[in-house]
Amino acid sequence: MKKSTIALAALMALSVTGAKAQDKVEGTIGADIVSRYYWRGQALGDGAIQPTLGLSWKGLSLTAWGSYGFVDTKDTKEFDLTLAYSTGGFHAGITDYWFDRGVSFDGTPFEDAKYFSYAAHKTSHVYEANVGYDFGVVALNWYTNFAGNDGVNKDGDRAYSSYVEAAAPFKLGGLDWTATVGAVPYRTSFYSEAKGFAVTNVSLKATKDLKITDKFSVPVFAQVAANPSNEKAYFLVGFTLQP
């Protein structure tokens with residue numbers, strides 16, 4: 001709770017400072033509706049709605065994101081807060097992931113996690129730091145869990161689970177494409193029980209705006225993906241609603 005509160009207070013303070021300097025604070029709101037929740041090589045649920053709400057100011061941003069299954073109500077519900085900074089192609093941030101069910105750090109299953117529970121090794125929050133650079137032709141990102149309900153290594157200790165990804169955008173056939181390759185650099189139970197270095201995500205995503213009116217369009221996307229480490233493959237579709 002303290003980390004989320006500090007992040008929110010920091011952005012509010014910056015917003016006030018920005019207002020005094022007559023700098024514009026920008027807001028974002030939207031939602032993805034997807035046929036499957038797919039994340040870094042893992043299928044985390046069936047059809048879901050994934051809302052986004054954010055504020056940004058001078059490269060700083062605070063974003064809330066969630067995922068709620070509408071096909072299987074037993075799918076894990078998720079609520080994330082991300083505080084980030086970007087300048088040019090460089091970006092870095094910290095994310096507080098929260099899940100309402102799962103398995104705790106000590107191996108104990110939990111079915112009704114409390115959001116404001118931060119007990120060591122029993123919390124359902126996961127804290128992750130990320131850093132990356134967008135070169136235009138390719139974007140490189142590194143993510144590492146540093147606290148909370150992380151995975152474990154072969155000795156049962158915190159793995160500081162990490163994930164590295166390269167994503168390359170391009171245009172072809174009237175569509176906007178993104179080719180992505182992601183890997184887990186070392187052993188962790190957090191990413192599909194990776195036993196060491198493992199390529200966990202190979203995907204190709206295509207997006208096209210569906211024009212509804214002269215002033216309103218809906219981005220529609222489809223994605224094919226595979227996780228070579230566990231020999232799983234996925235195909236999903238979705239669309240984005242935003243003002």
# chains A, B, ... in the order shown; residues from 1 in each chain; ligands from 1
>>> residues_around(residues="Ala183 in chain A", least_positions_apart="2", cutoff="10 Å", atoms="only C-alpha atoms", output="list of chain:residue names")
A:Arg40, A:Gly41, A:Trp142, A:Ser162, A:Tyr163, A:Val164, A:Glu165, A:Ala166, A:Val181, A:Pro185, A:Tyr186, A:Tyr191, A:Ala194, A:Phe197, A:Ala198, A:Val199, A:Thr200, A:Asn201, A:Val202, A:Asn227, A:Pro228, A:Ser229
>>> residues_around(residues="Leu83 in chain A", least_positions_apart="6", cutoff="7 Å", atoms="only C-alpha atoms", output="JSON, numbers by chain")
{"A": [7, 61, 62, 63, 93, 94, 95]}
>>> atom_distance(atom1="CA of Lys154 in chain A", atom2="CA of Glu193 in chain A")
10.2 Å
>>> closest_atom_pairs(of="range 81-104 of chain A", to="range 116-122 of chain A", cutoff="12 Å", atoms="only C-alpha atoms", output="CSV")
residue,atom,partner,partner_atom,distance
A:Asp96,CA,A:Tyr118,CA,11.7
A:Trp98,CA,A:Phe116,CA,9.9
A:Phe99,CA,A:Ser117,CA,11.6
A:Asp100,CA,A:Ser117,CA,11.2
A:Arg101,CA,A:Lys122,CA,11.5
A:Gly102,CA,A:Lys122,CA,10.8
A:Val103,CA,A:Lys122,CA,8.9
A:Ser104,CA,A:Lys122,CA,5.4
>>> select_by_dssp(residues="range 32-221 of chain A", states="strand (DSSP E or B)", output="VMD selection string")
chain A and resid 32 to 34 37 to 39 42 to 45 48 to 57 60 to 69 78 to 87 90 to 99 102 to 103 109 to 110 125 to 134 139 to 148 152 158 162 to 172 175 to 184 188 194 198 to 211 217 to 221
>>> atom_distance(atom1="CA of Lys171 in chain A", atom2="CA of Gln42 in chain A")
26.3 Å
>>> residues_around(residues="Arg158 in chain A", least_positions_apart="4", cutoff="10 Å", atoms="only C-alpha atoms", output="ChimeraX atom specification")
/A:105-106,121,145-154,188-189
>>> residues_around(residues="Phe70 in chain A", least_positions_apart="5", cutoff="12 Å", atoms="only C-alpha atoms", output="list in words")
Ile33, Val34, Ser35, Arg36, Tyr37, Gly45, Asp46, Gly47, Ala48, Ile49, Gln50, Asp75, Thr76 and Lys77 of chain A
>>> select_by_dssp(residues="range 2-144 of chain A", states="helix (DSSP H, G or I)", output="MDAnalysis selection string")
chainID A and resid 2:20
>>> write_last_selection(atoms="N, CA, C and O atoms", output="short mmCIF file (atom, residue, chain, number, x, y, z; two decimals), in the first residue's frame")
data_model
loop_
_atom_site.label_atom_id
_atom_site.label_comp_id
_atom_site.auth_asym_id
_atom_site.auth_seq_id
_atom_site.Cartn_x
_atom_site.Cartn_y
_atom_site.Cartn_z
N LYS A 2 1.95 1.23 0.78
CA LYS A 2 2.79 2.41 0.88
C LYS A 2 3.42 2.74 -0.46
O LYS A 2 3.51 3.89 -0.85
N LYS A 3 3.88 1.71 -1.21
CA LYS A 3 4.53 1.96 -2.48
C LYS A 3 3.56 2.55 -3.48
O LYS A 3 3.90 3.48 -4.22
N SER A 4 2.33 2.03 -3.54
CA SER A 4 1.33 2.55 -4.46
C SER A 4 0.94 3.97 -4.08
O SER A 4 0.77 4.84 -4.94
N THR A 5 0.81 4.23 -2.78
CA THR A 5 0.42 5.56 -2.30
C THR A 5 1.50 6.59 -2.59
O THR A 5 1.22 7.71 -3.02
N ILE A 6 2.76 6.20 -2.39
CA ILE A 6 3.87 7.11 -2.67
C ILE A 6 3.91 7.46 -4.14
O ILE A 6 4.11 8.60 -4.53
N ALA A 7 3.69 6.45 -5.01
CA ALA A 7 3.71 6.70 -6.45
C ALA A 7 2.61 7.66 -6.85
O ALA A 7 2.83 8.59 -7.64
N LEU A 8 1.43 7.48 -6.29
CA LEU A 8 0.30 8.36 -6.61
C LEU A 8 0.56 9.77 -6.10
O LEU A 8 0.31 10.76 -6.79
N ALA A 9 1.10 9.87 -4.87
CA ALA A 9 1.38 11.19 -4.30
C ALA A 9 2.44 11.92 -5.12
O ALA A 9 2.35 13.13 -5.33
N ALA A 10 3.43 11.17 -5.60
CA ALA A 10 4.49 11.79 -6.40
C ALA A 10 3.93 12.37 -7.68
O ALA A 10 4.28 13.49 -8.08
N LEU A 11 3.05 11.62 -8.35
CA LEU A 11 2.48 12.12 -9.59
C LEU A 11 1.57 13.30 -9.34
O LEU A 11 1.55 14.27 -10.11
N MET A 12 0.81 13.29 -8.25
CA MET A 12 -0.07 14.41 -7.92
C MET A 12 0.75 15.67 -7.67
O MET A 12 0.40 16.76 -8.12
N ALA A 13 1.87 15.50 -6.97
CA ALA A 13 2.74 16.66 -6.70
C ALA A 13 3.32 17.22 -7.99
O ALA A 13 3.37 18.42 -8.20
N LEU A 14 3.71 16.30 -8.88
CA LEU A 14 4.24 16.75 -10.15
C LEU A 14 3.17 17.42 -10.99
O LEU A 14 3.44 18.37 -11.74
N SER A 15 1.93 16.95 -10.88
CA SER A 15 0.84 17.54 -11.63
C SER A 15 0.59 18.98 -11.18
O SER A 15 0.33 19.87 -11.99
N VAL A 16 0.66 19.21 -9.85
CA VAL A 16 0.48 20.57 -9.32
C VAL A 16 1.58 21.48 -9.82
O VAL A 16 1.36 22.60 -10.26
N THR A 17 2.82 20.97 -9.76
CA THR A 17 3.95 21.75 -10.25
C THR A 17 3.79 22.08 -11.73
O THR A 17 4.05 23.19 -12.18
N GLY A 18 3.30 21.07 -12.47
CA GLY A 18 3.10 21.27 -13.90
C GLY A 18 2.04 22.32 -14.17
O GLY A 18 2.14 23.11 -15.11
N ALA A 19 0.99 22.33 -13.35
CA ALA A 19 -0.08 23.30 -13.54
C ALA A 19 0.43 24.72 -13.32
O ALA A 19 0.08 25.64 -14.04
N LYS A 20 1.31 24.89 -12.29
CA LYS A 20 1.86 26.20 -12.02
C LYS A 20 2.71 26.69 -13.17
O LYS A 20 2.78 27.87 -13.46
#
>>> residues_around(residues="Leu175 in chain A", least_positions_apart="3", cutoff="12 Å", atoms="only C-alpha atoms", output="PyMOL selection string")
chain A and resi 169-172+178+204-210+219-222
>>> write_last_selection(atoms="C-alpha atoms", output="PDB file, in the first residue's frame")
ATOM      1  CA  PRO A 169       7.262  -2.931 -35.909  1.00  0.00           C
ATOM      2  CA  PHE A 170       6.680  -2.879 -39.658  1.00  0.00           C
ATOM      3  CA  LYS A 171       3.943  -2.308 -42.242  1.00  0.00           C
ATOM      4  CA  LEU A 172       2.784  -4.903 -44.740  1.00  0.00           C
ATOM      5  CA  THR A 178       4.808  -6.188 -34.612  1.00  0.00           C
ATOM      6  CA  LEU A 204       3.353 -11.794 -34.656  1.00  0.00           C
ATOM      7  CA  LYS A 205       0.605  -9.210 -34.169  1.00  0.00           C
ATOM      8  CA  ALA A 206      -1.298  -7.277 -36.842  1.00  0.00           C
ATOM      9  CA  THR A 207      -3.483  -4.205 -36.232  1.00  0.00           C
ATOM     10  CA  LYS A 208      -5.805  -2.206 -38.464  1.00  0.00           C
ATOM     11  CA  ASP A 209      -8.185   0.654 -37.673  1.00  0.00           C
ATOM     12  CA  LEU A 210     -11.830  -0.122 -38.384  1.00  0.00           C
ATOM     13  CA  PRO A 219      -8.256  -0.621 -33.724  1.00  0.00           C
ATOM     14  CA  VAL A 220      -8.767  -4.350 -34.388  1.00  0.00           C
ATOM     15  CA  PHE A 221      -5.901  -6.783 -33.903  1.00  0.00           C
ATOM     16  CA  ALA A 222      -5.030 -10.458 -34.301  1.00  0.00           C
TER      17      ALA A 222
END
>>> closest_residue(among="A:Asp157, A:Ser192, A:Ala113, A:His91", to="Tyr133 in chain A", atoms="only C-alpha atoms")
A:His91
>>> atom_distance(atom1="CA of Ala139 in chain A", atom2="CA of Gly238 in chain A")
22.9 Å
>>> closest_residue(among="A:Thr123, A:Thr52, A:Thr87, A:Asn141", to="Ile29 in chain A", atoms="only C-alpha atoms")
A:Thr52
